[in-house]
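input02.txt, holding compact mmCIF, C-alpha atoms and all ligand atoms:
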# COMPACT_ATOMS: atom_id res chain seq x y z
CA MET A 1 -22.24 41.69 -41.35
CA SER A 2 -21.82 43.49 -38.03
CA ASP A 3 -18.91 45.67 -39.09
CA PRO A 4 -20.23 48.96 -40.51
CA ARG A 5 -17.10 49.30 -42.63
CA ASN A 6 -18.15 46.29 -44.68
CA ALA A 7 -20.09 46.82 -47.85
CA PRO A 8 -23.78 46.33 -47.17
CA GLY A 9 -25.90 43.75 -48.91
CA THR A 10 -27.17 45.21 -52.16
CA LEU A 11 -30.20 44.11 -54.14
CA GLU A 12 -31.59 45.53 -57.33
CA VAL A 13 -35.12 46.42 -58.34
CA ALA A 14 -34.98 45.61 -62.05
CA LEU A 15 -37.07 48.13 -63.96
CA GLY A 16 -34.99 48.81 -67.05
CA SER A 17 -33.70 52.37 -67.14
CA ARG A 18 -35.47 53.04 -63.83
CA SER A 19 -33.71 50.22 -61.98
CA TYR A 20 -32.31 51.06 -58.57
CA PRO A 21 -30.34 49.52 -55.74
CA ILE A 22 -31.46 48.70 -52.20
CA HIS A 23 -28.49 48.86 -49.83
CA ILE A 24 -29.04 47.02 -46.53
CA GLY A 25 -26.78 46.94 -43.48
CA PRO A 26 -25.68 48.66 -40.29
CA GLY A 27 -23.94 52.03 -40.23
CA LEU A 28 -25.07 53.23 -43.67
CA LEU A 29 -26.53 56.57 -42.63
CA GLY A 30 -23.31 58.34 -41.74
CA ASP A 31 -21.30 57.01 -44.66
CA PRO A 32 -21.24 59.19 -47.84
CA ARG A 33 -20.45 56.21 -50.07
CA TRP A 34 -24.06 55.04 -50.02
CA LEU A 35 -25.98 58.24 -50.48
CA THR A 36 -23.98 60.59 -52.67
CA PRO A 37 -23.83 58.42 -55.83
CA HIS A 38 -27.62 58.66 -56.07
CA LEU A 39 -27.96 62.44 -55.99
CA ALA A 40 -29.05 64.09 -59.24
CA GLY A 41 -27.15 67.32 -58.59
CA ARG A 42 -25.98 69.60 -55.79
CA GLN A 43 -29.42 70.61 -54.47
CA VAL A 44 -30.67 68.24 -51.78
CA MET A 45 -33.70 68.49 -49.52
CA VAL A 46 -34.03 66.11 -46.59
CA VAL A 47 -37.59 65.70 -45.35
CA THR A 48 -38.22 63.99 -42.02
CA ASN A 49 -40.47 64.35 -38.97
CA GLU A 50 -40.24 65.61 -35.40
CA THR A 51 -39.62 62.12 -33.97
CA VAL A 52 -36.96 60.99 -36.41
CA ALA A 53 -35.09 64.30 -36.80
CA PRO A 54 -33.52 64.36 -33.31
CA LEU A 55 -32.53 60.69 -33.67
CA TYR A 56 -31.04 60.49 -37.16
CA LEU A 57 -30.90 63.79 -39.01
CA SER A 58 -27.37 64.72 -37.98
CA ARG A 59 -26.11 61.24 -38.88
CA LEU A 60 -27.69 61.55 -42.32
CA ARG A 61 -26.12 64.99 -42.73
CA GLN A 62 -22.69 63.39 -42.22
CA GLY A 63 -23.55 60.89 -44.94
CA LEU A 64 -24.09 63.71 -47.40
CA GLY A 65 -20.56 65.06 -47.12
CA ASP A 66 -19.69 68.63 -48.10
CA ASN A 67 -20.10 70.56 -51.30
CA LEU A 68 -23.86 70.26 -51.50
CA GLU A 69 -26.67 72.75 -51.04
CA VAL A 70 -28.64 70.93 -48.32
CA ARG A 71 -32.02 72.05 -46.94
CA GLU A 72 -34.00 70.29 -44.25
CA LEU A 73 -37.72 70.19 -43.61
CA VAL A 74 -39.11 68.67 -40.41
CA LEU A 75 -42.83 67.86 -40.53
CA PRO A 76 -45.09 66.81 -37.63
CA ASP A 77 -45.35 63.07 -36.91
CA GLY A 78 -48.31 60.84 -37.66
CA GLU A 79 -50.58 59.34 -40.30
CA ALA A 80 -52.84 62.40 -39.91
CA THR A 81 -50.12 64.50 -41.55
CA LYS A 82 -50.07 62.34 -44.69
CA THR A 83 -52.04 64.97 -46.58
CA LEU A 84 -51.82 67.12 -49.65
CA ALA A 85 -51.28 70.09 -47.30
CA SER A 86 -48.01 68.54 -46.07
CA VAL A 87 -46.91 67.88 -49.64
CA GLU A 88 -47.60 71.54 -50.40
CA ARG A 89 -45.26 72.47 -47.56
CA ILE A 90 -42.56 70.41 -49.28
CA TRP A 91 -43.21 72.10 -52.64
CA ASP A 92 -43.20 75.54 -50.95
CA ALA A 93 -39.85 74.80 -49.33
CA LEU A 94 -38.39 73.60 -52.64
CA LEU A 95 -39.59 76.70 -54.48
CA ALA A 96 -38.45 79.04 -51.70
CA ALA A 97 -35.00 77.46 -51.92
CA GLY A 98 -34.98 77.94 -55.69
CA PHE A 99 -34.51 74.22 -56.31
CA ASN A 100 -34.57 73.14 -59.95
CA ARG A 101 -35.25 69.89 -61.83
CA ARG A 102 -31.89 68.46 -60.84
CA CYS A 103 -32.64 68.54 -57.12
CA THR A 104 -32.97 65.39 -55.00
CA LEU A 105 -35.43 64.77 -52.20
CA ILE A 106 -34.44 62.44 -49.38
CA ALA A 107 -37.18 60.78 -47.32
CA LEU A 108 -35.86 60.03 -43.82
CA GLY A 109 -38.49 58.25 -41.75
CA GLY A 110 -41.24 55.66 -41.82
CA GLY A 111 -43.80 54.96 -44.52
CA VAL A 112 -45.70 58.16 -43.90
CA ILE A 113 -42.67 60.31 -44.75
CA GLY A 114 -41.64 58.01 -47.62
CA ASP A 115 -45.07 58.08 -49.27
CA MET A 116 -45.38 61.87 -49.00
CA VAL A 117 -41.86 62.70 -50.12
CA GLY A 118 -42.14 60.30 -53.05
CA PHE A 119 -45.36 61.96 -54.16
CA ALA A 120 -43.85 65.43 -53.72
CA ALA A 121 -40.93 64.30 -55.91
CA ALA A 122 -43.24 62.76 -58.53
CA CYS A 123 -44.98 66.10 -59.08
CA TYR A 124 -42.32 68.75 -58.41
CA GLN A 125 -41.43 70.23 -61.80
CA ARG A 126 -43.02 67.11 -63.35
CA GLY A 127 -40.75 64.75 -61.46
CA VAL A 128 -37.41 64.96 -59.64
CA ALA A 129 -35.09 62.42 -58.07
CA PHE A 130 -35.70 61.00 -54.62
CA VAL A 131 -33.99 58.57 -52.27
CA GLN A 132 -35.73 56.50 -49.63
CA VAL A 133 -34.04 56.23 -46.23
CA PRO A 134 -36.61 54.14 -44.32
CA THR A 135 -36.30 54.00 -40.53
CA THR A 136 -39.18 51.70 -39.52
CA LEU A 137 -39.15 47.97 -40.21
CA LEU A 138 -42.37 48.34 -42.17
CA ALA A 139 -40.85 50.99 -44.41
CA GLN A 140 -37.62 48.99 -44.79
CA VAL A 141 -39.35 45.83 -45.99
CA ASP A 142 -42.33 47.28 -47.77
CA SER A 143 -43.24 50.90 -48.38
CA SER A 144 -39.81 52.18 -49.49
CA VAL A 145 -39.57 49.62 -52.30
CA GLY A 146 -41.81 49.60 -55.33
CA GLY A 147 -42.65 53.20 -56.13
CA LYS A 148 -46.16 53.58 -54.73
CA THR A 149 -46.34 57.13 -53.39
CA GLY A 150 -49.20 59.27 -52.21
CA VAL A 151 -51.29 60.85 -49.51
CA ASN A 152 -54.63 60.32 -47.80
CA HIS A 153 -57.82 62.15 -48.70
CA PRO A 154 -60.52 62.84 -46.09
CA ARG A 155 -62.66 60.29 -47.97
CA GLY A 156 -60.07 57.53 -48.14
CA LYS A 157 -56.55 56.39 -47.34
CA ASN A 158 -53.92 56.56 -50.11
CA MET A 159 -56.53 57.84 -52.55
CA ILE A 160 -54.26 60.46 -54.16
CA GLY A 161 -50.91 59.27 -55.49
CA ALA A 162 -48.58 58.22 -58.25
CA PHE A 163 -46.16 55.48 -59.18
CA TRP A 164 -42.72 57.08 -58.88
CA GLN A 165 -39.62 55.02 -58.27
CA PRO A 166 -36.78 56.21 -56.02
CA ARG A 167 -33.15 56.43 -57.22
CA ALA A 168 -32.08 54.22 -54.33
CA VAL A 169 -33.25 52.77 -51.04
CA LEU A 170 -30.85 52.96 -48.09
CA VAL A 171 -31.75 50.63 -45.22
CA ASP A 172 -29.61 51.32 -42.15
CA THR A 173 -30.55 48.49 -39.80
CA ASP A 174 -29.10 50.40 -36.83
CA THR A 175 -32.11 52.73 -36.91
CA LEU A 176 -34.36 49.92 -35.64
CA ALA A 177 -32.75 50.18 -32.18
CA THR A 178 -35.02 53.10 -31.28
CA LEU A 179 -38.20 51.76 -32.83
CA PRO A 180 -41.04 51.10 -30.32
CA PRO A 181 -41.71 47.31 -29.99
CA ARG A 182 -45.26 47.72 -31.24
CA GLU A 183 -43.96 49.27 -34.47
CA LEU A 184 -41.43 46.44 -34.81
CA SER A 185 -44.21 43.85 -34.54
CA ALA A 186 -46.23 45.75 -37.12
CA GLY A 187 -43.28 45.53 -39.52
CA LEU A 188 -42.94 41.82 -38.84
CA ALA A 189 -46.48 41.33 -40.14
CA GLU A 190 -45.31 42.37 -43.60
CA VAL A 191 -42.21 40.16 -43.29
CA ILE A 192 -44.39 37.15 -42.46
CA LYS A 193 -46.60 38.09 -45.40
CA TYR A 194 -43.75 37.56 -47.88
CA GLY A 195 -43.16 34.08 -46.52
CA LEU A 196 -46.85 33.21 -46.64
CA ILE A 197 -47.43 34.41 -50.20
CA ARG A 198 -44.29 33.25 -51.94
CA ASP A 199 -41.53 31.57 -49.94
CA ALA A 200 -42.17 28.53 -47.74
CA ASP A 201 -38.46 28.18 -46.86
CA PHE A 202 -38.33 31.78 -45.64
CA LEU A 203 -41.50 31.19 -43.63
CA ALA A 204 -39.93 28.16 -41.96
CA TRP A 205 -36.79 30.17 -41.17
CA LEU A 206 -38.92 32.98 -39.72
CA GLU A 207 -40.70 30.57 -37.39
CA GLY A 208 -37.39 29.83 -35.74
CA ALA A 209 -36.08 33.39 -35.87
CA MET A 210 -38.99 35.34 -34.41
CA GLU A 211 -37.46 35.68 -30.95
CA ALA A 212 -34.13 36.88 -32.36
CA LEU A 213 -35.94 39.36 -34.58
CA ARG A 214 -37.96 40.80 -31.71
CA GLY A 215 -34.72 41.03 -29.73
CA LEU A 216 -33.19 43.07 -32.59
CA ASP A 217 -30.51 40.51 -33.38
CA PRO A 218 -28.58 42.25 -36.20
CA ALA A 219 -27.91 39.16 -38.32
CA ALA A 220 -31.51 37.97 -38.11
CA LEU A 221 -32.85 41.44 -38.96
CA THR A 222 -30.54 41.82 -41.93
CA ARG A 223 -31.57 38.43 -43.28
CA ALA A 224 -35.29 39.12 -42.80
CA ILE A 225 -35.04 42.54 -44.47
CA GLU A 226 -32.93 41.26 -47.36
CA ARG A 227 -35.26 38.38 -48.14
CA SER A 228 -38.36 40.57 -47.82
CA CYS A 229 -36.91 43.25 -50.12
CA ALA A 230 -35.76 40.61 -52.60
CA LEU A 231 -39.27 39.14 -52.77
CA LYS A 232 -40.88 42.56 -53.12
CA ALA A 233 -38.33 43.62 -55.75
CA GLU A 234 -39.06 40.44 -57.72
CA ILE A 235 -42.80 41.04 -57.67
CA VAL A 236 -42.48 44.73 -58.53
CA ALA A 237 -40.15 43.93 -61.44
CA GLU A 238 -42.76 41.48 -62.75
CA ASP A 239 -45.72 43.80 -62.31
CA GLU A 240 -44.85 47.42 -61.53
CA THR A 241 -48.37 48.87 -61.66
CA GLU A 242 -50.37 46.00 -60.11
CA GLN A 243 -52.04 44.51 -63.14
CA GLY A 244 -51.52 40.98 -61.79
CA VAL A 245 -49.09 39.31 -59.41
CA ARG A 246 -48.39 42.48 -57.37
CA ALA A 247 -51.89 42.11 -55.91
CA LEU A 248 -50.61 39.13 -53.90
CA LEU A 249 -48.82 41.66 -51.68
CA ASN A 250 -52.27 42.54 -50.38
CA LEU A 251 -52.65 39.30 -48.41
CA GLY A 252 -54.52 40.22 -45.22
CA HIS A 253 -54.95 43.79 -46.40
CA THR A 254 -58.63 43.83 -47.39
CA PHE A 255 -59.58 42.57 -43.93
CA GLY A 256 -56.89 44.76 -42.39
CA HIS A 257 -58.03 47.94 -44.13
CA ALA A 258 -61.56 47.28 -42.92
CA ILE A 259 -60.27 47.08 -39.34
CA GLU A 260 -58.16 50.23 -39.72
CA ALA A 261 -61.00 52.18 -41.31
CA HIS A 262 -63.55 51.09 -38.72
CA GLN A 263 -61.30 51.72 -35.74
CA GLY A 264 -60.00 55.05 -37.01
CA TYR A 265 -56.53 55.17 -38.51
CA GLY A 266 -53.77 55.01 -35.93
CA ASN A 267 -55.65 53.09 -33.23
CA TRP A 268 -54.71 49.82 -34.84
CA LEU A 269 -51.34 50.01 -36.55
CA HIS A 270 -51.43 48.98 -40.21
CA GLY A 271 -49.24 45.93 -39.54
CA GLU A 272 -51.40 44.86 -36.61
CA ALA A 273 -54.49 44.97 -38.80
CA VAL A 274 -52.64 43.06 -41.53
CA GLY A 275 -51.57 40.43 -38.99
CA THR A 276 -55.16 39.76 -37.95
CA GLY A 277 -56.24 40.06 -41.59
CA MET A 278 -53.76 37.36 -42.66
CA LEU A 279 -55.21 35.03 -40.06
CA MET A 280 -58.70 35.79 -41.38
CA ALA A 281 -57.48 35.03 -44.91
CA ALA A 282 -55.96 31.74 -43.70
CA GLU A 283 -59.19 30.73 -41.99
CA LEU A 284 -61.21 31.63 -45.07
CA SER A 285 -58.80 29.58 -47.19
CA ALA A 286 -59.46 26.64 -44.86
CA ARG A 287 -63.20 27.09 -45.30
CA LEU A 288 -62.67 26.89 -49.07
CA GLY A 289 -60.86 23.60 -48.54
CA TRP A 290 -57.34 24.77 -49.33
CA LEU A 291 -55.60 24.92 -45.94
CA SER A 292 -55.63 22.19 -43.33
CA ASP A 293 -56.38 22.97 -39.69
CA ALA A 294 -52.71 22.37 -38.92
CA GLU A 295 -51.69 24.95 -41.53
CA VAL A 296 -54.09 27.50 -40.06
CA ALA A 297 -52.67 26.77 -36.60
CA ARG A 298 -49.17 27.29 -37.94
CA THR A 299 -50.16 30.62 -39.46
CA ARG A 300 -51.77 31.68 -36.17
CA ALA A 301 -48.66 30.67 -34.22
CA ILE A 302 -46.25 32.80 -36.23
CA ILE A 303 -48.56 35.82 -36.12
CA GLU A 304 -48.81 35.40 -32.35
CA ALA A 305 -45.03 34.96 -32.01
CA ALA A 306 -44.56 38.30 -33.78
CA GLY A 307 -46.62 39.98 -31.06
CA LEU A 308 -49.59 40.70 -33.31
CA PRO A 309 -53.29 40.57 -32.37
CA LEU A 310 -55.26 37.39 -33.11
CA ALA A 311 -58.77 38.74 -32.60
CA ALA A 312 -60.80 41.33 -34.50
CA PRO A 313 -62.06 44.44 -32.70
CA ALA A 314 -64.88 43.62 -30.26
CA ASP A 315 -67.17 46.29 -31.68
CA MET A 316 -66.86 45.19 -35.32
CA GLY A 317 -69.73 43.14 -36.66
CA VAL A 318 -70.06 41.12 -39.86
CA ASP A 319 -71.92 43.96 -41.58
CA ASP A 320 -69.22 46.46 -40.64
CA PHE A 321 -66.62 44.25 -42.32
CA LEU A 322 -68.69 43.59 -45.42
CA ALA A 323 -69.65 47.22 -45.96
CA ILE A 324 -66.06 48.47 -45.81
CA MET A 325 -64.56 45.55 -47.73
CA ARG A 326 -66.90 46.14 -50.67
CA LEU A 327 -65.45 49.67 -51.06
CA ASP A 328 -61.87 48.40 -51.23
CA LYS A 329 -60.00 49.76 -54.25
CA LYS A 330 -58.69 46.31 -55.14
CA ASN A 331 -62.18 45.38 -56.31
CA LEU A 332 -62.09 46.05 -60.01
CA ASP A 333 -65.78 45.58 -60.65
CA SER A 334 -68.54 44.68 -58.25
CA ARG A 335 -66.92 41.39 -57.19
CA LEU A 336 -65.02 41.16 -53.94
CA ARG A 337 -61.38 40.37 -54.68
CA LEU A 338 -59.43 38.62 -51.94
CA ILE A 339 -55.91 37.29 -51.65
CA LEU A 340 -56.03 33.82 -50.13
CA LEU A 341 -53.62 30.96 -49.44
CA ARG A 342 -53.32 27.76 -51.41
CA THR A 343 -50.78 26.66 -48.83
CA PRO A 344 -48.45 28.57 -46.47
CA GLY A 345 -45.90 29.80 -49.05
CA GLU A 346 -48.29 30.24 -51.97
CA ALA A 347 -51.03 32.85 -52.32
CA CYS A 348 -53.63 33.32 -55.03
CA ILE A 349 -56.09 35.97 -56.18
CA HIS A 350 -59.67 34.88 -55.61
CA ASP A 351 -62.67 36.69 -57.07
CA ALA A 352 -65.34 34.15 -56.29
CA THR A 353 -65.67 33.82 -52.53
CA PRO A 354 -69.36 33.20 -51.84
CA THR A 355 -70.73 35.92 -49.56
CA GLU A 356 -72.19 33.27 -47.21
CA THR A 357 -68.74 31.71 -46.72
CA LEU A 358 -67.19 35.08 -46.01
CA ALA A 359 -69.99 36.05 -43.63
CA ALA A 360 -69.68 32.73 -41.78
CA LEU A 361 -65.93 33.29 -41.33
CA LEU A 362 -66.50 36.83 -40.07
CA GLU A 363 -69.20 35.61 -37.69
CA ALA A 364 -67.02 32.84 -36.24
CA PHE A 365 -63.77 34.81 -36.03
CA PRO A 366 -62.77 35.66 -32.42
CA ARG A 367 -63.38 39.16 -31.07
P1 LIG B 401 -44.90 55.82 -39.68
O1 LIG B 401 -44.18 56.41 -40.81
O2 LIG B 401 -46.03 56.57 -39.09
O3 LIG B 401 -43.85 55.46 -38.53
C1 LIG B 401 -44.31 54.89 -37.32
C2 LIG B 401 -43.83 55.69 -36.11
O4 LIG B 401 -42.44 55.41 -35.87
C3 LIG B 401 -43.92 57.19 -36.29
O5 LIG B 401 -44.29 57.78 -35.09
C4 LIG B 401 -42.49 57.56 -36.66
O6 LIG B 401 -42.17 58.91 -36.38
C5 LIG B 401 -41.71 56.64 -35.78
N1 LIG B 401 -40.36 56.31 -36.20
C6 LIG B 401 -39.89 56.14 -37.46
N2 LIG B 401 -38.64 55.69 -37.45
C7 LIG B 401 -38.29 55.56 -36.15
C8 LIG B 401 -37.11 55.11 -35.50
N3 LIG B 401 -36.08 54.64 -36.18
N4 LIG B 401 -37.10 55.15 -34.15
C9 LIG B 401 -38.17 55.57 -33.45
N5 LIG B 401 -39.32 55.97 -34.01
C10 LIG B 401 -39.37 55.97 -35.35
O7 LIG B 401 -45.50 54.38 -40.06
P2 LIG B 401 -44.92 53.17 -40.93
O8 LIG B 401 -45.48 51.97 -40.32
O9 LIG B 401 -43.48 53.26 -41.16
O10 LIG B 401 -45.61 53.42 -42.35
C11 LIG B 401 -47.01 53.42 -42.49
C12 LIG B 401 -47.39 54.19 -43.72
O11 LIG B 401 -46.79 53.56 -44.85
C13 LIG B 401 -48.85 54.25 -44.00
O12 LIG B 401 -49.21 55.55 -44.35
C14 LIG B 401 -49.06 53.31 -45.18
O13 LIG B 401 -50.13 53.69 -46.00
C15 LIG B 401 -47.76 53.43 -45.89
N6 LIG B 401 -47.41 52.27 -46.70
C16 LIG B 401 -47.06 52.49 -47.98
C17 LIG B 401 -46.68 51.44 -48.78
C18 LIG B 401 -46.23 51.69 -50.18
O14 LIG B 401 -46.05 50.74 -50.94
N7 LIG B 401 -45.98 52.92 -50.54
C19 LIG B 401 -46.69 50.14 -48.28
C20 LIG B 401 -47.04 49.95 -46.95
C21 LIG B 401 -47.40 51.02 -46.17
MG MG B 402 -49.08 46.78 -45.99
Would you mind giving the structure from this file in structure tokens?
Amino acid sequence: MSDPRNAPGTLEVALGSRSYPIHIGPGLLGDPRWLTPHLAGRQVMVVTNETVAPLYLSRLRQGLGDNLEVRELVLPDGEATKTLASVERIWDALLAAGFNRRCTLIALGGGVIGDMVGFAAACYQRGVAFVQVPTTLLAQVDSSVGGKTGVNHPRGKNMIGAFWQPRAVLVDTDTLATLPPRELSAGLAEVIKYGLIRDADFLAWLEGAMEALRGLDPAALTRAIERSCALKAEIVAEDETEQGVRALLNLGHTFGHAIEAHQGYGNWLHGEAVGTGMLMAAELSARLGWLSDAEVARTRAIIEAAGLPLAAPADMGVDDFLAIMRLDKKNLDSRLRLILLRTPGEACIHDATPTETLAALLEAFPR
């Protein structure tokens, strides 16, 4: 699907009356056919950041066509801006423009922009329409789909938020051309995650496609994004608010969050921490007798091929890990809840990892 005049691949997130499409393909941004059907009315506010605006804002503007009342808000870049103060800037701009309940917010950017704009939309006048236009691989395969929105609090990441589904997700694969390679690798961590938790065939395909993906081969990217979104859409449709199966999407994330929190957010990218975290989860699964050494080696090889780190931070001891992991919000009571692998392609929720086994894994894991 290299011709931008072709219809893009379209998937659906099936949530009854709140169902929405994910359009995936090249050349979507400048084409009004994909964006305008999802607008609630004439009032549209595009929110993006200082990095993405010069790259893609004018192309998106073309995709909106004429006849609309369009406002733009450009926020600073970075995870540090994912705060309630930034969301207030969005609300201020909406009120200053006199936007009503039939306005539509458009999130143009990575997961930081998507999470904030979604949360702003969830609360503005008790909820208005929004469209996700993700421009990082991580946002295209993960954060833009599923309706988790929110901001960070000084005491914890993503601690303030809401479930609020977008009207549509528009994935223009052309935007990945400008993405720094480190960000691309971070997105690949989440792609690999889908294979590991739920789709052995996809995992096998990914093993052979990693070089093409890192080289931005359009067909390989489209296939990886489509399959990832399809798997996420399936899981979200089954369990929108994470009462059960949606927790599997957290493979590698409890270890990963501990690394991110300890190192200070932004020093390790989220996907990098998840990559190392998935390897830790695989090694722990082996210690519990579920994975063979060969399966762990296979998991390590694909994480390495994606350009992700294979060792935990040198200055992070066993106690550092344990202390932060116990605070993780996935723990429903005092037990540590981990997502582990039965086999590459099938994950499970495990509430009964003995602390000694976990500590031994953390002790032995390379730094
Ligand atoms: P990000 O939004 O910070 O983007 C990474 C960097 O790439 C930024 O500097 C950004 O400006 C830049 N960028 C974006 N698009 C670009 C492009 N096309 N070309 C060049 N540069 C570009 O980070 P991210 O990895 O996209 O998202 C991480 C955030 O997503 C975190 O806050 C995380 O909590 C959140 N997240 C949310 C969910 C969810 O379900 N809501 C899931 C996963 C992650
Ligand atoms: Mg993640």
Quote the spacing between atom CA of Tyr56 of chain A and atom CA of Gly215 of chain A in Å to one decimal place.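 Computing the Euclidean distance for atom CA of Tyr56 of chain A and atom CA of Gly215 of chain A yields 21.2 Å.
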Shortest contact to ligand LIG 401 (chain B), candidates A:Leu358, A:Leu138, A:Ala230, A:Ala258, atoms counted all atoms listed in the file, goes to A:Leu138
Within-6 Å residues of ligand LIG 401 (chain B), basis all atoms listed in the file, as a ChimeraX atom specification: /A:51-52,77-79,109-113,115,135-136,138-139,142-143,148-149,175-176,178-179
Quick one: residues within 12 Å of Gln140 of chain A, all atoms listed in the file counted, chain neighbours fewer than 4 positions away excluded, as an MDAnalysis selection string? chainID A and resid 22:25 108:111 114 132:136 144:146 169:176 184 186:188 190:191 221:222 224:230 232
Using all atoms listed in the file, which of the listed residues (A:Lys157, A:Arg89, A:Arg126, A:Arg214) sits closest to Ala305 of chain A? A:Arg214
Taken to one decimal, the atom CA of Met116 of chain A-atom CA of Gly156 of chain A distance is 15.3 Å
Rebuild segment 186-199 of chain A so that it carries N, CA and C atoms, then output the result as a short mmCIF file (atom, residue, chain, number, x, y, z; two decimals), in the coordinates of the input.
data_model
loop_
_atom_site.label_atom_id
_atom_site.label_comp_id
_atom_site.auth_asym_id
_atom_site.auth_seq_id
_atom_site.Cartn_x
_atom_site.Cartn_y
_atom_site.Cartn_z
N ALA A 186 -45.44 45.38 -35.94
CA ALA A 186 -46.23 45.75 -37.12
C ALA A 186 -45.43 45.50 -38.40
N GLY A 187 -44.14 45.80 -38.36
CA GLY A 187 -43.28 45.53 -39.52
C GLY A 187 -43.13 44.04 -39.77
N LEU A 188 -43.08 43.27 -38.68
CA LEU A 188 -42.94 41.82 -38.84
C LEU A 188 -44.14 41.21 -39.55
N ALA A 189 -45.30 41.84 -39.42
CA ALA A 189 -46.48 41.33 -40.14
C ALA A 189 -46.21 41.28 -41.64
N GLU A 190 -45.59 42.34 -42.16
CA GLU A 190 -45.31 42.37 -43.60
C GLU A 190 -44.21 41.36 -43.96
N VAL A 191 -43.26 41.16 -43.05
CA VAL A 191 -42.21 40.16 -43.29
C VAL A 191 -42.83 38.76 -43.39
N ILE A 192 -43.70 38.45 -42.44
CA ILE A 192 -44.39 37.15 -42.46
C ILE A 192 -45.20 36.99 -43.75
N LYS A 193 -45.80 38.10 -44.17
CA LYS A 193 -46.60 38.09 -45.40
C LYS A 193 -45.80 37.57 -46.59
N TYR A 194 -44.55 38.03 -46.74
CA TYR A 194 -43.75 37.56 -47.88
C TYR A 194 -43.56 36.05 -47.83
N GLY A 195 -43.30 35.52 -46.64
CA GLY A 195 -43.16 34.08 -46.52
C GLY A 195 -44.45 33.36 -46.90
N LEU A 196 -45.56 33.86 -46.38
CA LEU A 196 -46.85 33.21 -46.64
C LEU A 196 -47.22 33.23 -48.11
N ILE A 197 -46.94 34.34 -48.81
CA ILE A 197 -47.43 34.41 -50.20
C ILE A 197 -46.50 33.73 -51.19
N ARG A 198 -45.20 33.56 -50.84
CA ARG A 198 -44.29 33.25 -51.94
C ARG A 198 -43.07 32.42 -51.57
N ASP A 199 -42.81 32.18 -50.28
CA ASP A 199 -41.53 31.57 -49.94
C ASP A 199 -41.63 30.71 -48.67
#
